[in-house]
Amino acid sequence: VAPGVVRCASPSSRFLVGPAVETGQPAADATVRLLADTGIGGERVQDIRREVWRKLAFNVAMSPVCTLTASGNRAVGADPELHRLCSDLLAEVSVVAASEGISLPVDAAPLDPAKLSPHKPSMLQDLEAGRPLETDSILRAVQWLAREANVATPFLDMVTALVEARARARTGAARSVKPVDGGA
């Protein structure tokens, strides 16, 4: 709401805190205490990398499909065809995560429409506002890791190309980055 001031309006927000390396445990614990003192609260997790991958997997599964359909999460999750596409994307990210030593569940439980909020993900909000999309940090980062591990991501490749084409059509901008080659 102001520089250095953040208001959390979502009662379901979770702030997960964990060290990226073993020596970071004291800092992670201090951060959890600080969050508790503010009334926001934080949850200490053992493997922050796994939690980052879980969030990334959900974003890869939902954000591009919501962006392409101009729909919120719940509407996409409730559509059987779109739910299947999101599940396929989730499965692809799980394989890429495994290549990085991170085990993720491959079931579609996070895509249960009854548990999804109706809100529009930030990628769709950015498209509607004419802002640059987070395709590099959400979609292309996973593609790059997949290529490095020789993991095929046909669904991710398809939705990334479609989202970027939609963004170009909306803003009239040229492609911002060279696409990841289809070598895997």
# chains A, B, ... in the order shown; residues from 1 in each chain; ligands from 1

call {"tool": "select_by_dssp", "arguments": {"residues": "range 8-148 of chain A", "states": "helix (DSSP H, G or I)", "output": "ChimeraX atom specification"}}
result
/A:22-38,48-69,73-78,80-99,109-111,122-129,135-148

call {"tool": "residues_around", "arguments": {"residues": "Asp107 in chain A", "least_positions_apart": "2", "cutoff": "10 Å", "atoms": "only C-alpha atoms", "output": "list of chain:residue names"}}
result
A:Ser87, A:Asp88, A:Leu90, A:Ala91, A:Ser94, A:Leu104, A:Pro105, A:Ala109, A:Pro110, A:Leu111

call {"tool": "write_last_selection", "arguments": {"atoms": "N, CA and C atoms", "output": "short mmCIF file (atom, residue, chain, number, x, y, z; two decimals), in the first residue's frame"}}
result
data_model
loop_
_atom_site.label_atom_id
_atom_site.label_comp_id
_atom_site.auth_asym_id
_atom_site.auth_seq_id
_atom_site.Cartn_x
_atom_site.Cartn_y
_atom_site.Cartn_z
N SER A 87 -3.51 -30.70 -16.01
CA SER A 87 -2.92 -31.92 -15.43
C SER A 87 -1.71 -32.38 -16.23
N ASP A 88 -1.80 -32.28 -17.56
CA ASP A 88 -0.66 -32.65 -18.41
C ASP A 88 0.52 -31.71 -18.17
N LEU A 90 1.11 -30.08 -15.39
CA LEU A 90 1.61 -30.41 -14.05
C LEU A 90 2.51 -31.64 -14.10
N ALA A 91 2.11 -32.63 -14.88
CA ALA A 91 2.91 -33.85 -15.02
C ALA A 91 4.26 -33.54 -15.66
N SER A 94 6.50 -31.93 -13.16
CA SER A 94 6.96 -32.92 -12.18
C SER A 94 8.17 -33.69 -12.68
N LEU A 104 7.89 -34.33 -6.78
CA LEU A 104 6.58 -33.70 -6.67
C LEU A 104 5.50 -34.73 -6.93
N PRO A 105 4.35 -34.60 -6.28
CA PRO A 105 3.26 -35.52 -6.61
C PRO A 105 2.80 -35.27 -8.04
N ALA A 109 -4.43 -33.22 -7.66
CA ALA A 109 -5.10 -32.71 -6.46
C ALA A 109 -5.06 -31.18 -6.35
N PRO A 110 -3.93 -30.52 -6.68
CA PRO A 110 -3.93 -29.06 -6.56
C PRO A 110 -4.87 -28.37 -7.54
N LEU A 111 -5.38 -29.12 -8.51
CA LEU A 111 -6.25 -28.54 -9.53
C LEU A 111 -7.73 -28.80 -9.26
#

call {"tool": "atom_distance", "arguments": {"atom1": "CA of Leu139 in chain A", "atom2": "CA of Val65 in chain A"}}
result
11.8 Å

call {"tool": "closest_residue", "arguments": {"among": "A:Glu92, A:Ala75, A:Thr69, A:Asn59", "to": "Thr135 in chain A", "atoms": "only C-alpha atoms"}}
result
A:Asn59

call {"tool": "select_by_dssp", "arguments": {"residues": "chain A", "states": "strand (DSSP E)", "output": "number ranges by chain"}}
result
A: 16-17, 43-44

call {"tool": "write_last_selection", "arguments": {"atoms": "all heavy atoms", "output": "tab-separated table (two decimals), in the first residue's frame"}}
result
chain	number	residue	atom	x	y	z
A	16	LEU	N	5.80	-19.52	3.43
A	16	LEU	CA	6.67	-20.64	3.75
A	16	LEU	C	8.11	-20.16	3.80
A	16	LEU	O	8.56	-19.46	2.90
A	16	LEU	CB	6.51	-21.74	2.71
A	16	LEU	CG	5.08	-22.25	2.50
A	16	LEU	CD1	5.05	-23.30	1.41
A	16	LEU	CD2	4.51	-22.80	3.80
A	17	VAL	N	8.80	-20.55	4.84
A	17	VAL	CA	10.16	-20.10	5.05
A	17	VAL	C	11.04	-21.32	5.30
A	17	VAL	O	10.69	-22.20	6.09
A	17	VAL	CB	10.26	-19.15	6.26
A	17	VAL	CG1	11.69	-18.68	6.47
A	17	VAL	CG2	9.32	-17.96	6.09
A	43	GLU	N	5.34	-20.26	8.13
A	43	GLU	CA	5.48	-21.69	8.40
A	43	GLU	C	6.88	-22.13	7.99
A	43	GLU	O	7.30	-21.89	6.87
A	43	GLU	CB	4.42	-22.47	7.62
A	43	GLU	CG	4.47	-23.94	7.81
A	43	GLU	CD	3.44	-24.66	6.95
A	43	GLU	OE1	2.45	-24.04	6.53
A	43	GLU	OE2	3.65	-25.85	6.67
A	44	ARG	N	7.58	-22.77	8.88
A	44	ARG	CA	8.94	-23.26	8.62
A	44	ARG	C	8.83	-24.59	7.88
A	44	ARG	O	8.10	-25.48	8.29
A	44	ARG	CB	9.65	-23.44	9.97
A	44	ARG	CG	11.02	-24.06	9.89
A	44	ARG	CD	12.03	-23.05	9.39
A	44	ARG	NE	13.37	-23.38	9.80
A	44	ARG	CZ	14.09	-24.35	9.28
A	44	ARG	NH1	13.61	-25.12	8.33
A	44	ARG	NH2	15.31	-24.57	9.70

call {"tool": "decode", "arguments": {"residues": "range 78-102 of chain A", "atoms": "N, CA and C atoms", "output": "compact mmCIF listing (two decimals), in the first residue's frame"}}
result
# COMPACT_ATOMS: atom_id res chain seq x y z
N ALA A 78 -12.65 -26.31 -13.51
CA ALA A 78 -13.95 -26.96 -13.62
C ALA A 78 -14.26 -27.47 -15.03
N ASP A 79 -13.52 -27.00 -16.01
CA ASP A 79 -13.74 -27.44 -17.39
C ASP A 79 -12.94 -28.72 -17.63
N PRO A 80 -13.59 -29.83 -17.96
CA PRO A 80 -12.87 -31.10 -18.07
C PRO A 80 -11.71 -31.09 -19.07
N GLU A 81 -11.89 -30.47 -20.21
CA GLU A 81 -10.81 -30.43 -21.21
C GLU A 81 -9.64 -29.58 -20.73
N LEU A 82 -9.96 -28.41 -20.15
CA LEU A 82 -8.90 -27.54 -19.66
C LEU A 82 -8.22 -28.15 -18.44
N HIS A 83 -8.99 -28.81 -17.60
CA HIS A 83 -8.43 -29.50 -16.43
C HIS A 83 -7.42 -30.56 -16.88
N ARG A 84 -7.75 -31.27 -17.95
CA ARG A 84 -6.84 -32.30 -18.48
C ARG A 84 -5.54 -31.66 -18.97
N LEU A 85 -5.66 -30.52 -19.67
CA LEU A 85 -4.46 -29.82 -20.13
C LEU A 85 -3.61 -29.37 -18.94
N CYS A 86 -4.24 -28.81 -17.93
CA CYS A 86 -3.51 -28.38 -16.73
C CYS A 86 -2.83 -29.57 -16.05
N SER A 87 -3.51 -30.70 -16.01
CA SER A 87 -2.92 -31.92 -15.43
C SER A 87 -1.71 -32.38 -16.23
N ASP A 88 -1.80 -32.28 -17.56
CA ASP A 88 -0.66 -32.65 -18.41
C ASP A 88 0.52 -31.71 -18.17
N LEU A 89 0.25 -30.43 -18.02
CA LEU A 89 1.31 -29.48 -17.72
C LEU A 89 1.94 -29.77 -16.37
N LEU A 90 1.11 -30.08 -15.39
CA LEU A 90 1.61 -30.41 -14.05
C LEU A 90 2.51 -31.64 -14.10
N ALA A 91 2.11 -32.63 -14.88
CA ALA A 91 2.91 -33.85 -15.02
C ALA A 91 4.26 -33.54 -15.66
N GLU A 92 4.26 -32.69 -16.69
CA GLU A 92 5.53 -32.33 -17.32
C GLU A 92 6.47 -31.63 -16.35
N VAL A 93 5.94 -30.70 -15.58
CA VAL A 93 6.78 -29.99 -14.61
C VAL A 93 7.30 -30.95 -13.55
N SER A 94 6.50 -31.93 -13.16
CA SER A 94 6.96 -32.92 -12.18
C SER A 94 8.17 -33.69 -12.68
N VAL A 95 8.19 -34.01 -13.98
CA VAL A 95 9.33 -34.72 -14.55
C VAL A 95 10.56 -33.81 -14.57
N VAL A 96 10.37 -32.54 -14.91
CA VAL A 96 11.49 -31.60 -14.91
C VAL A 96 12.01 -31.43 -13.48
N ALA A 97 11.11 -31.29 -12.52
CA ALA A 97 11.53 -31.16 -11.12
C ALA A 97 12.32 -32.39 -10.68
N ALA A 98 11.88 -33.56 -11.08
CA ALA A 98 12.60 -34.80 -10.73
C ALA A 98 14.01 -34.77 -11.30
N SER A 99 14.18 -34.20 -12.48
CA SER A 99 15.52 -34.11 -13.06
C SER A 99 16.42 -33.18 -12.24
N GLU A 100 15.80 -32.35 -11.41
CA GLU A 100 16.54 -31.44 -10.52
C GLU A 100 16.63 -31.99 -9.10
N GLY A 101 16.18 -33.25 -8.94
CA GLY A 101 16.25 -33.87 -7.62
C GLY A 101 15.09 -33.54 -6.70
N ILE A 102 14.01 -33.02 -7.25
CA ILE A 102 12.84 -32.65 -6.46
C ILE A 102 11.68 -33.57 -6.81
